[in-house]
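Dropping query.txt in here (compact mmCIF, C-alpha atoms):
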# COMPACT_ATOMS: atom_id res chain seq x y z
CA MET A 557 0.00 0.00 0.00
CA ASN A 558 1.24 3.49 -0.83
CA GLN A 559 0.98 5.11 2.61
CA LEU A 560 0.75 8.62 1.15
CA ALA A 561 -1.59 8.13 -1.82
CA SER A 562 -4.04 6.04 0.22
CA ALA A 563 -4.58 8.75 2.84
CA LYS A 564 -7.98 10.41 2.49
CA ARG A 565 -6.98 13.26 4.81
CA LEU A 566 -3.33 14.33 4.74
CA ILE A 567 -1.42 16.79 6.97
CA ILE A 568 1.89 18.26 5.78
CA LYS A 569 4.27 20.03 8.16
CA ILE A 570 6.98 22.31 6.75
CA GLY A 571 9.83 23.62 8.87
CA SER A 572 11.13 27.16 8.69
CA SER A 573 14.51 26.24 7.14
CA LEU A 574 12.77 24.51 4.22
CA LEU A 575 10.50 27.42 3.40
CA VAL A 576 12.66 30.46 4.16
CA ASP A 577 16.15 31.30 2.88
CA ASP A 578 18.10 32.06 6.05
CA SER A 579 20.54 34.39 4.28
CA THR A 580 17.87 36.65 2.75
CA GLY A 581 14.74 36.06 4.82
CA GLN A 582 12.82 35.43 1.58
CA VAL A 583 10.38 32.59 0.96
CA LYS A 584 11.86 29.91 -1.31
CA ARG A 585 9.29 30.42 -4.05
CA ALA A 586 10.64 27.86 -6.53
CA TRP A 587 10.52 25.08 -3.93
CA LEU A 588 7.11 26.19 -2.67
CA GLU A 589 5.67 26.10 -6.19
CA THR A 590 6.70 22.44 -6.61
CA LEU A 591 5.09 21.56 -3.28
CA ALA A 592 1.95 23.42 -4.36
CA ALA A 593 1.88 21.30 -7.53
CA ASP A 594 2.15 18.16 -5.38
CA ILE A 595 -0.73 19.36 -3.18
CA ALA A 596 -2.81 20.06 -6.28
CA ALA A 597 -2.14 16.52 -7.50
CA CYS A 598 -3.30 15.14 -4.13
CA LYS A 599 -6.50 17.17 -4.27
CA ALA A 600 -7.13 16.15 -7.87
CA ARG A 601 -7.38 12.51 -6.79
CA GLY A 602 -9.78 13.34 -3.98
CA GLN A 603 -7.48 13.81 -1.00
CA GLU A 604 -8.04 16.53 1.60
CA VAL A 605 -4.88 18.43 2.56
CA ILE A 606 -3.97 20.59 5.55
CA VAL A 607 -0.60 22.38 5.79
CA VAL A 608 1.16 23.27 9.05
CA SER A 609 3.72 25.88 8.08
CA SER A 610 6.55 27.44 10.07
CA GLY A 611 8.52 30.46 8.89
CA ALA A 612 6.72 33.57 10.14
CA VAL A 613 9.43 34.59 12.61
CA ALA A 614 12.20 33.90 10.06
CA VAL A 615 10.53 36.07 7.42
CA GLY A 616 9.41 38.82 9.77
CA ARG A 617 12.64 39.42 11.65
CA ARG A 618 14.41 40.43 8.44
CA LYS A 619 11.69 42.94 7.60
CA LEU A 620 12.04 44.50 11.06
CA GLY A 621 15.84 44.46 11.07
CA LEU A 622 16.00 42.20 14.13
CA VAL A 623 19.21 40.26 14.78
CA PRO A 624 19.20 36.97 16.75
CA PRO A 625 19.06 36.05 19.54
CA LEU A 626 15.58 37.57 19.81
CA LYS A 627 13.66 38.31 22.98
CA LEU A 628 10.19 36.75 23.25
CA GLU A 629 8.44 40.02 22.40
CA GLU A 630 10.73 40.49 19.39
CA LYS A 631 9.86 36.98 18.17
CA GLN A 632 6.18 37.82 18.56
CA ALA A 633 6.62 41.06 16.62
CA ALA A 634 8.55 39.21 13.92
CA ALA A 635 5.78 36.59 13.72
CA ALA A 636 3.13 39.32 13.32
CA THR A 637 5.10 40.85 10.45
CA GLY A 638 6.08 37.58 8.78
CA GLN A 639 2.72 35.87 9.04
CA ILE A 640 1.03 38.07 6.45
CA ARG A 641 3.90 37.55 4.00
CA LEU A 642 3.90 33.82 4.60
CA ALA A 643 0.14 33.58 4.03
CA HIS A 644 0.47 35.59 0.84
CA ALA A 645 3.19 33.25 -0.46
CA TRP A 646 0.97 30.23 0.13
CA GLN A 647 -2.02 31.97 -1.43
CA GLU A 648 -0.04 32.83 -4.58
CA ALA A 649 1.51 29.36 -4.93
CA LEU A 650 -1.81 27.50 -4.67
CA ALA A 651 -3.78 30.07 -6.68
CA HIS A 652 -1.91 28.83 -9.78
CA HIS A 653 -3.83 25.58 -9.29
CA HIS A 654 -7.16 27.32 -8.56
CA ILE A 655 -7.00 26.23 -4.91
CA THR A 656 -8.36 28.46 -2.15
CA VAL A 657 -6.10 28.94 0.88
CA ALA A 658 -7.40 29.60 4.39
CA GLN A 659 -5.10 30.93 7.10
CA VAL A 660 -5.65 29.41 10.55
CA LEU A 661 -3.65 30.50 13.60
CA LEU A 662 -3.65 28.03 16.49
CA THR A 663 -1.81 27.50 19.76
CA LEU A 664 -1.21 24.17 21.45
CA ASP A 665 -3.71 25.34 24.10
CA ASP A 666 -6.37 25.45 21.37
CA SER A 667 -5.82 21.73 20.80
CA GLU A 668 -5.86 20.86 24.51
CA ASN A 669 -8.79 23.00 25.70
CA ARG A 670 -11.97 21.08 24.81
CA ARG A 671 -14.10 24.10 23.82
CA ARG A 672 -11.44 25.65 21.60
CA TYR A 673 -10.54 22.21 20.26
CA LEU A 674 -14.15 21.67 19.20
CA ASN A 675 -14.40 25.10 17.56
CA ALA A 676 -11.10 24.66 15.70
CA ARG A 677 -12.06 21.18 14.53
CA THR A 678 -15.43 22.38 13.22
CA THR A 679 -13.76 25.25 11.33
CA LEU A 680 -11.18 22.95 9.75
CA GLU A 681 -13.82 20.37 8.82
CA THR A 682 -15.91 23.09 7.16
CA LEU A 683 -12.94 24.46 5.20
CA LEU A 684 -12.08 20.97 3.93
CA LYS A 685 -15.70 20.34 2.97
CA LEU A 686 -15.62 23.58 0.94
CA GLY A 687 -12.48 22.46 -0.90
CA ALA A 688 -10.00 24.87 0.72
CA VAL A 689 -6.49 24.06 1.94
CA PRO A 690 -6.09 25.33 5.53
CA VAL A 691 -2.58 26.65 6.21
CA ILE A 692 -1.95 26.54 9.95
CA ASN A 693 0.75 28.18 11.99
CA GLU A 694 1.23 28.47 15.71
CA ASN A 695 -0.17 31.82 16.85
CA ASP A 696 3.21 33.10 18.02
CA THR A 697 2.01 36.68 18.41
CA VAL A 698 -0.09 35.77 21.47
CA ALA A 699 1.99 32.88 22.83
CA THR A 700 2.83 33.29 26.50
CA ALA A 701 5.52 30.61 26.61
CA GLU A 702 8.83 30.75 24.79
CA ILE A 703 8.53 30.02 21.08
CA ARG A 704 10.56 26.83 20.80
CA VAL A 705 11.99 25.06 17.78
CA GLY A 706 9.98 21.92 17.17
CA ASP A 707 6.64 23.09 18.59
CA ASN A 708 5.08 22.91 15.15
CA ASP A 709 5.89 19.18 14.99
CA ARG A 710 3.68 18.70 18.04
CA LEU A 711 1.08 21.17 16.76
CA ALA A 712 0.88 19.26 13.46
CA ALA A 713 0.29 16.01 15.35
CA ARG A 714 -2.41 17.66 17.47
CA VAL A 715 -4.11 18.89 14.28
CA ALA A 716 -3.91 15.36 12.84
CA GLN A 717 -5.56 14.07 16.01
CA MET A 718 -8.15 16.86 15.95
CA VAL A 719 -9.39 16.16 12.41
CA SER A 720 -8.87 12.35 12.43
CA ALA A 721 -6.27 12.55 9.67
CA ASP A 722 -4.99 9.39 8.02
CA ALA A 723 -1.40 10.56 7.53
CA LEU A 724 1.00 13.28 8.67
CA VAL A 725 4.23 14.04 6.82
CA LEU A 726 6.92 15.92 8.73
CA PHE A 727 9.34 17.42 6.23
CA SER A 728 12.74 17.74 7.84
CA ASP A 729 16.46 18.09 7.11
CA ILE A 730 16.89 14.36 7.75
CA ASP A 731 15.37 11.49 5.77
CA GLY A 732 14.06 9.46 8.70
CA LEU A 733 14.86 7.79 12.01
CA TYR A 734 18.27 6.21 12.57
CA THR A 735 19.64 4.15 15.44
CA ALA A 736 21.85 7.18 16.22
CA ASP A 737 22.61 10.61 14.76
CA PRO A 738 23.94 9.70 11.27
CA ARG A 739 25.82 12.99 11.08
CA LYS A 740 27.99 11.91 14.01
CA ASP A 741 27.90 8.11 13.93
CA ALA A 742 28.88 6.38 10.69
CA SER A 743 27.44 3.10 11.97
CA ALA A 744 23.92 4.57 12.41
CA THR A 745 21.31 2.35 10.73
CA PHE A 746 18.18 3.67 8.99
CA ILE A 747 14.81 2.39 10.26
CA PRO A 748 12.09 2.34 7.54
CA GLU A 749 9.08 1.45 9.74
CA VAL A 750 8.13 1.82 13.40
CA HIS A 751 5.02 0.14 14.82
CA GLU A 752 5.51 0.95 18.50
CA LEU A 753 7.44 3.64 20.37
CA THR A 754 9.50 1.41 22.64
CA PRO A 755 12.16 2.78 25.04
CA GLU A 756 14.76 1.55 22.54
CA ILE A 757 13.18 3.60 19.74
CA GLU A 758 12.94 6.70 21.96
CA ALA A 759 16.61 6.33 22.91
CA MET A 760 17.49 6.63 19.21
CA ALA A 761 16.41 10.29 19.28
CA GLY A 762 19.60 11.08 21.11
CA ASP A 763 20.41 13.66 23.76
CA PRO A 764 17.66 16.35 23.88
CA GLY A 765 20.44 18.94 24.14
CA SER A 766 22.01 17.89 20.85
CA ALA A 767 21.16 19.24 17.40
CA TYR A 768 19.66 15.85 16.54
CA GLY A 769 17.62 15.83 19.75
CA SER A 770 16.53 19.43 20.41
CA GLY A 771 14.00 20.55 17.83
CA GLY A 772 14.96 17.47 15.89
CA MET A 773 14.18 13.83 16.48
CA VAL A 774 12.95 14.22 20.07
CA THR A 775 10.06 16.50 19.09
CA LYS A 776 9.30 14.29 16.09
CA LEU A 777 8.94 11.25 18.32
CA VAL A 778 6.62 13.25 20.59
CA ALA A 779 4.56 13.96 17.46
CA ALA A 780 4.71 10.28 16.48
CA ARG A 781 3.34 9.23 19.88
CA ILE A 782 0.37 11.60 19.46
CA CYS A 783 -0.28 10.31 15.93
CA LEU A 784 -0.04 6.62 16.83
CA SER A 785 -2.49 7.07 19.71
CA ALA A 786 -4.88 8.78 17.28
CA GLY A 787 -4.62 6.05 14.64
CA CYS A 788 -2.76 8.34 12.22
CA ARG A 789 0.35 7.17 10.38
CA MET A 790 3.28 9.59 10.29
CA ALA A 791 6.33 9.97 8.08
CA ILE A 792 9.63 11.73 8.66
CA THR A 793 11.47 12.56 5.47
CA ARG A 794 13.83 15.05 3.89
CA GLY A 795 12.00 18.09 2.56
CA GLU A 796 14.67 19.79 0.44
CA PRO A 797 13.99 18.02 -2.89
CA MET A 798 11.74 19.72 -5.39
CA HIS A 799 8.29 18.05 -5.43
CA PRO A 800 8.86 16.54 -1.96
CA LEU A 801 5.48 14.75 -1.79
CA LYS A 802 6.01 13.17 -5.19
CA ALA A 803 9.45 12.06 -4.00
CA ILE A 804 7.85 10.00 -1.20
CA GLU A 805 5.38 8.40 -3.62
CA ASN A 806 8.23 7.52 -5.96
CA GLY A 807 9.99 5.56 -3.23
CA GLY A 808 12.04 8.29 -1.59
CA ARG A 809 13.52 7.34 1.75
CA CYS A 810 11.41 8.04 4.82
CA THR A 811 10.47 6.47 8.13
CA TRP A 812 6.80 5.58 8.55
CA PHE A 813 5.29 5.28 12.03
CA LEU A 814 2.33 2.92 11.59
CA PRO A 815 -0.54 2.66 14.13
CA ASN A 816 -2.58 -0.41 14.97
CA SER A 817 -5.99 1.29 14.65
CA GLU A 818 -7.85 3.51 12.21
CA PRO A 819 -8.37 7.21 13.10
CA ARG A 820 -12.05 6.95 13.94
CA THR A 821 -11.56 3.82 16.04
CA ALA A 822 -8.82 5.51 18.05
CA ARG A 823 -10.89 8.67 18.45
CA LYS A 824 -13.84 6.67 19.75
CA GLN A 825 -11.57 4.79 22.13
CA TRP A 826 -10.49 8.18 23.48
CA ILE A 827 -14.12 9.25 23.98
CA PHE A 828 -15.03 5.93 25.62
CA GLY A 829 -12.02 5.45 27.86
CA SER A 830 -10.63 8.85 28.67
CA MET A 831 -13.52 11.19 29.35
CA LYS A 832 -15.67 11.49 32.47
CA PRO A 833 -19.36 12.00 31.55
CA ALA A 834 -20.74 15.37 32.66
CA GLY A 835 -24.42 14.43 32.29
CA ALA A 836 -26.84 12.25 30.34
CA VAL A 837 -29.55 12.35 27.68
CA VAL A 838 -32.52 9.95 27.64
CA LEU A 839 -33.90 8.66 24.33
CA ASP A 840 -37.19 7.34 23.07
CA ALA A 841 -37.36 3.89 21.46
CA GLY A 842 -37.11 5.23 17.90
CA ALA A 843 -33.91 7.16 18.60
CA ALA A 844 -32.40 4.15 20.38
CA ARG A 845 -33.04 2.02 17.27
CA ALA A 846 -31.54 4.70 15.01
CA LEU A 847 -28.35 4.82 17.09
CA ALA A 848 -28.08 1.03 16.99
CA GLN A 849 -28.11 1.33 13.18
CA GLY A 850 -25.16 3.74 13.23
CA ARG A 851 -27.04 7.03 12.93
CA SER A 852 -26.50 10.33 14.76
CA LEU A 853 -28.64 11.45 17.70
CA LEU A 854 -31.15 14.15 16.71
CA PRO A 855 -32.93 16.39 19.25
CA ALA A 856 -36.31 14.91 18.25
CA GLY A 857 -35.44 11.58 19.86
CA VAL A 858 -34.47 13.01 23.27
CA THR A 859 -37.04 12.85 26.09
CA ALA A 860 -34.95 14.12 29.03
CA VAL A 861 -31.64 15.85 29.80
CA ASP A 862 -29.88 15.10 33.11
CA GLY A 863 -27.11 17.13 34.73
CA GLU A 864 -25.38 20.33 33.72
CA PHE A 865 -22.90 20.34 30.86
CA GLU A 866 -21.42 22.55 28.17
CA ARG A 867 -21.01 22.09 24.45
CA GLY A 868 -18.24 19.57 23.79
CA ASP A 869 -18.65 17.72 27.09
CA CYS A 870 -18.99 13.96 27.21
CA VAL A 871 -22.48 12.70 28.15
CA LEU A 872 -24.04 9.29 28.68
CA VAL A 873 -26.80 8.16 26.31
CA ARG A 874 -29.57 6.19 28.07
CA ASP A 875 -32.79 4.53 26.99
CA SER A 876 -36.14 4.95 28.78
CA SER A 877 -35.26 2.20 31.27
CA ALA A 878 -32.03 4.05 32.26
CA LYS A 879 -29.81 1.50 30.49
CA VAL A 880 -26.60 3.11 29.19
CA LEU A 881 -26.49 2.74 25.40
CA GLY A 882 -23.28 4.68 24.87
CA ARG A 883 -21.57 8.02 25.35
CA GLY A 884 -20.63 10.92 23.12
CA LEU A 885 -19.54 14.54 22.75
CA VAL A 886 -22.62 16.75 22.83
CA ALA A 887 -23.01 19.66 20.41
CA TYR A 888 -25.15 21.81 22.76
CA SER A 889 -25.08 22.85 26.41
CA SER A 890 -27.57 21.24 28.81
CA ALA A 891 -29.73 24.37 28.80
CA ASP A 892 -29.86 24.46 24.98
CA ALA A 893 -30.39 20.68 24.81
CA ARG A 894 -33.42 20.97 27.11
CA ALA A 895 -34.79 23.76 24.92
CA VAL A 896 -34.60 21.72 21.71
CA MET A 897 -35.25 18.18 22.95
CA GLY A 898 -38.18 16.54 21.26
CA ARG A 899 -38.10 19.11 18.46
CA LYS A 900 -37.08 18.77 14.82
CA SER A 901 -33.62 19.93 13.76
CA GLY A 902 -35.19 22.53 11.47
CA GLU A 903 -36.65 24.27 14.52
CA ILE A 904 -33.33 24.74 16.36
CA GLU A 905 -32.52 28.18 14.96
CA ALA A 906 -35.96 29.58 15.80
CA ILE A 907 -35.77 28.21 19.35
CA LEU A 908 -32.18 29.12 20.24
CA GLY A 909 -31.68 32.18 18.05
CA PHE A 910 -28.67 30.69 16.26
CA LYS A 911 -28.11 27.86 13.79
CA GLY A 912 -26.12 25.08 15.39
CA ARG A 913 -25.60 21.51 14.29
CA ASP A 914 -28.58 19.41 13.22
CA GLU A 915 -27.40 16.61 15.51
CA LEU A 916 -27.29 16.68 19.29
CA ILE A 917 -24.49 14.10 19.08
CA HIS A 918 -22.94 13.32 15.69
CA ARG A 919 -22.26 9.63 15.03
CA ASP A 920 -18.52 10.41 14.66
CA ASP A 921 -18.59 11.65 18.27
CA LEU A 922 -20.68 8.74 19.58
CA VAL A 923 -19.47 5.44 21.06
CA MET A 924 -22.03 2.71 21.64
CA GLU A 925 -21.70 0.17 24.47
CA GLY A 926 -20.74 -3.36 23.55

For the file at hand, write its structure as structure tokens.
Amino acid sequence: MNQLASAKRLIIKIGSSLLVDDSTGQVKRAWLETLAADIAACKARGQEVIVVSSGAVAVGRRKLGLVPPLKLEEKQAAAATGQIRLAHAWQEALAHHHITVAQVLLTLDDSENRRRYLNARTTLETLLKLGAVPVINENDTVATAEIRVGDNDRLAARVAQMVSADALVLFSDIDGLYTADPRKDASATFIPEVHELTPEIEAMAGDPGSAYGSGGMVTKLVAARICLSAGCRMAITRGEPMHPLKAIENGGRCTWFLPNSEPRTARKQWIFGSMKPAGAVVLDAGAARALAQGRSLLPAGVTAVDGEFERGDCVLVRDSSAKVLGRGLVAYSSADARAVMGRKSGEIEAILGFKGRDELIHRDDLVMEG
């Protein structure tokens, strides 16, 4: 199986050194145009693509005349200046292929706070549905922690987890995982596939204080752990070649981290095993049958709402005899759920004053017992 071509939803992460010429602070347009052509080819065969792009600080600091090492506030100022130029470069490169670009600024907190996570996921899902390519960068201008090399590896993995991606490609200055740093150890052996992050594999990342470890392989293995737990396969490969995605498809060297479960299965395991229910909804017999057939839960089938919860919380799903049928992430707060229960989805906007989701719990966010 071609791990890249078979992915329905693909995340690509590009490091700053690949995208920005360090000597001039300019975006490497020729390289970017070949990557844009690769992305267009992926979309032409029906794949959805999200890009996680570094480079804002590198571009912006030149425009502001800042010389490293930069203070945190100088990095944030550089990011604010560089971000608009970076977005424009992506917009121009993909416009040649009639592809709409959407800029999305996220922080790691957005992926770890449930409310913001849910909002970000819905936005990304909508953009993909509309055929756009979201280009994501960490929102460095409002970051409160130090902006560290390698954070975008972890951010890319969080995005892959957030949208249930099938594959994440981390473009790097190294073509994969080795038993040791190949730039220092001539006996280092390349590892083409990893199925489990054992202590032995983690030890191969080297000393976190080394060039291979800090912002290098250590952060990439952190990203791999996130991806594997989410059922998303991940590749580490060299990004410098022109047409870097095509290079992977043509057999270019890379290390694939391969999970044991599919994205949706892993996501549902997370809902089932990791979240404490905040309340419950009670269903009529018709809704219980619909859920057993794999459908979403609509407000019309709900007869009672127990407890107090917010949008995005995990709730139990019960039948009229109080038997637990499953659990899921609810799309409305308890107050709003009580207002719309028993009503048709088409009435939601008139009742609540805003148009939310048609489903109280979407089937993708629902795990049935047994």

For Ser572 (chain A), which of A:Gly795, A:Tyr673, A:Leu560, A:Pro625 is the closest residue, counting only C-alpha atoms?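 Under the stated criterion, the closest residue is A:Gly795.
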
Residues within 10 Å of Lys599 (chain A), please, as a PyMOL selection string. Count only C-alpha atoms; anything in the same chain fewer than 5 positions from it doesn't count. chain A and resi 564-566+593-594+604-605+655+687-689

May I ask for the distance between CA of Leu628 (chain A) and CA of Ala612 (chain A), given in Å to one decimal place?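 Rounded to one decimal, the two atoms are 13.9 Å apart.
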
Mind giving me the straight-line distance from CA of Leu724 (chain A) to CA of Met790 (chain A) in Å, one decimal? 4.6 Å

Nearest to Ala716 (chain A) among A:Ala561, A:Cys788, A:Ile730, A:Leu777, with distances taken over all atoms listed in the file: which residue is it? A:Cys788

Quote the spacing between CA of Ser852 (chain A) and CA of Ile917 (chain A) in Å to one decimal place. 6.1 Å

Name the residues in contact with Ala645 (chain A) at a cut-off of 10 Å, using only C-alpha atoms, excluding same-chain residues fewer than 5 positions from it; report them as a PyMOL selection string. chain A and resi 583-585+588-589+639-640+650-651
